[in-house]
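Chemist: Have a look at the structure that comes next, please.
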Amino acid sequence: MQTLNAAVQPNQRGNDMRILIAAVAVAMLAGCMAPTMNEARQSGPYKVLTSSKTDAALAKCVQYEWQNQPIFGGTPGATLQPGRDTGYTVFTEGSQYFVDIQPKGSGAEAKYYVVVGNWIANKRLAALQGCL
């Protein structure tokens with residue numbers, strides 16, 4: 001009977017090791033995840049811009065420009081959705097770049113957020129500025 005237990009123990013150790021490796025891998029991947037849009041908002045906008053256009057017109061322009069902006073040979077999507085209370089949010093796939101557009105006076109205010117600061121962020125900002 002002791003021989004049987006000895007044969008079972010190495011197999012159990014192997015399963016325990018697989019579980020440990022999987023847990024470590026999940027923990028490492030969780031550290032690589034980008035912050036959510038709400039977390040990015042708490043950190044503050046990358047840039048705040050104003051426009052004489054209405055919030056709806058500005059949001060539609062940004063969505064159109066971001067959808068048609070070639071990046072890596074493709075054209076990634078951009079989504080427009082209503083804001084929390086008023087205005088609109090336009091965001092890219094993965095929400096790495098997004099803009100909250102709110103009515104302000106006779107125009108609109110755009111708060112541009114960047115989760116990953118790189119050349120794409122600058123390209124998105126240039127498109128946003130072109131819509132103002």
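Following the order of the structure tokens, first chain is A, next is B, and so on, with residues numbered from 1 inside each chain and ligands from 1 in the order they appear.
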Can you tell me, as a list in words, what residues are no more than 8 Å from Pro103 (chain A) when counting only C-alpha atoms, ignoring any on the same chain fewer than 2 positions away?

Modeler: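 Returned residues: Thr54, Asp55, Thr86, Gly87, Ile101, Gly105, Ser106, Gly107, Ala108 and Glu109 of chain A.
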
Chemist: Run DSSP on the backbone and grab whatever in region 15-126 of chain A lands in strand (DSSP E); send it over as a PyMOL selection string.

Modeler: chain A and resi 47-51+78-82+88-92+97-104+107-114

Chemist: Mind writing the picked residues with C-alpha atoms as a PDB file, in the first residue's frame?

Modeler:
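Wrote again38.pdb, looks like this:
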```
ATOM      1  CA  LYS A  47      -5.465  67.251 -23.554  1.00  0.00           C
ATOM      2  CA  VAL A  48      -8.522  69.498 -23.189  1.00  0.00           C
ATOM      3  CA  LEU A  49      -9.713  71.270 -26.330  1.00  0.00           C
ATOM      4  CA  THR A  50     -12.627  73.557 -27.176  1.00  0.00           C
ATOM      5  CA  SER A  51     -14.662  73.840 -30.350  1.00  0.00           C
ATOM      6  CA  ALA A  78     -14.126  54.017 -33.622  1.00  0.00           C
ATOM      7  CA  THR A  79     -17.352  53.901 -31.665  1.00  0.00           C
ATOM      8  CA  LEU A  80     -19.586  56.805 -30.681  1.00  0.00           C
ATOM      9  CA  GLN A  81     -21.863  56.451 -27.676  1.00  0.00           C
ATOM     10  CA  PRO A  82     -23.883  58.860 -25.545  1.00  0.00           C
ATOM     11  CA  TYR A  88     -20.722  61.852 -26.234  1.00  0.00           C
ATOM     12  CA  THR A  89     -17.752  59.538 -25.919  1.00  0.00           C
ATOM     13  CA  VAL A  90     -15.808  58.413 -28.969  1.00  0.00           C
ATOM     14  CA  PHE A  91     -13.396  55.548 -28.402  1.00  0.00           C
ATOM     15  CA  THR A  92     -11.187  53.174 -30.326  1.00  0.00           C
ATOM     16  CA  TYR A  97      -7.698  56.375 -27.001  1.00  0.00           C
ATOM     17  CA  PHE A  98     -10.972  58.115 -26.275  1.00  0.00           C
ATOM     18  CA  VAL A  99     -12.509  61.552 -26.060  1.00  0.00           C
ATOM     19  CA  ASP A 100     -15.359  62.775 -23.873  1.00  0.00           C
ATOM     20  CA  ILE A 101     -17.211  65.582 -25.640  1.00  0.00           C
ATOM     21  CA  GLN A 102     -19.530  67.808 -23.624  1.00  0.00           C
ATOM     22  CA  PRO A 103     -21.547  70.867 -24.580  1.00  0.00           C
ATOM     23  CA  LYS A 104     -19.905  74.067 -23.336  1.00  0.00           C
ATOM     24  CA  GLY A 107     -19.783  74.979 -28.588  1.00  0.00           C
ATOM     25  CA  ALA A 108     -18.194  71.923 -27.053  1.00  0.00           C
ATOM     26  CA  GLU A 109     -15.312  70.824 -24.856  1.00  0.00           C
ATOM     27  CA  ALA A 110     -13.307  67.715 -25.739  1.00  0.00           C
ATOM     28  CA  LYS A 111     -11.301  65.859 -23.107  1.00  0.00           C
ATOM     29  CA  TYR A 112      -8.880  63.523 -24.865  1.00  0.00           C
ATOM     30  CA  TYR A 113      -7.575  60.532 -22.897  1.00  0.00           C
ATOM     31  CA  VAL A 114      -4.607  58.376 -23.801  1.00  0.00           C
TER      32      VAL A 114
END
```

Chemist: Residues at most 8 Å from Gln67 (chain A), counting only C-alpha atoms, excluding those fewer than 6 positions away in the same chain, as a PyMOL selection string?

Modeler: chain A and resi 75-78

Chemist: Mind checking which residues fall within 10 Å of Gly130 (chain A), counting only C-alpha atoms, ignoring those fewer than 4 positions away in the same chain, and posting them as a VMD selection string?

Modeler: chain A and resid 61 to 62 65 124 to 126

Chemist: The selected residues should be written to file as a PDB file, in the first residue's frame (atoms: C-alpha atoms).

Modeler:
```
ATOM      1  CA  CYS A  61     -16.479  64.243 -36.989  1.00  0.00           C
ATOM      2  CA  VAL A  62     -14.046  62.572 -34.573  1.00  0.00           C
ATOM      3  CA  GLU A  65     -11.836  60.701 -38.805  1.00  0.00           C
ATOM      4  CA  ARG A 124      -5.488  60.528 -33.005  1.00  0.00           C
ATOM      5  CA  LEU A 125      -4.936  63.940 -31.413  1.00  0.00           C
ATOM      6  CA  ALA A 126      -4.173  65.508 -34.818  1.00  0.00           C
TER       7      ALA A 126
END
```

Chemist: Would you please work out which residue, of A:Glu93, A:Arg84, A:Ile120, A:Ala127, is nearest to Asn38 (chain A) when using only C-alpha atoms?

Modeler: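 Among the listed residues, the smallest separation from Asn38 (chain A) belongs to A:Arg84.
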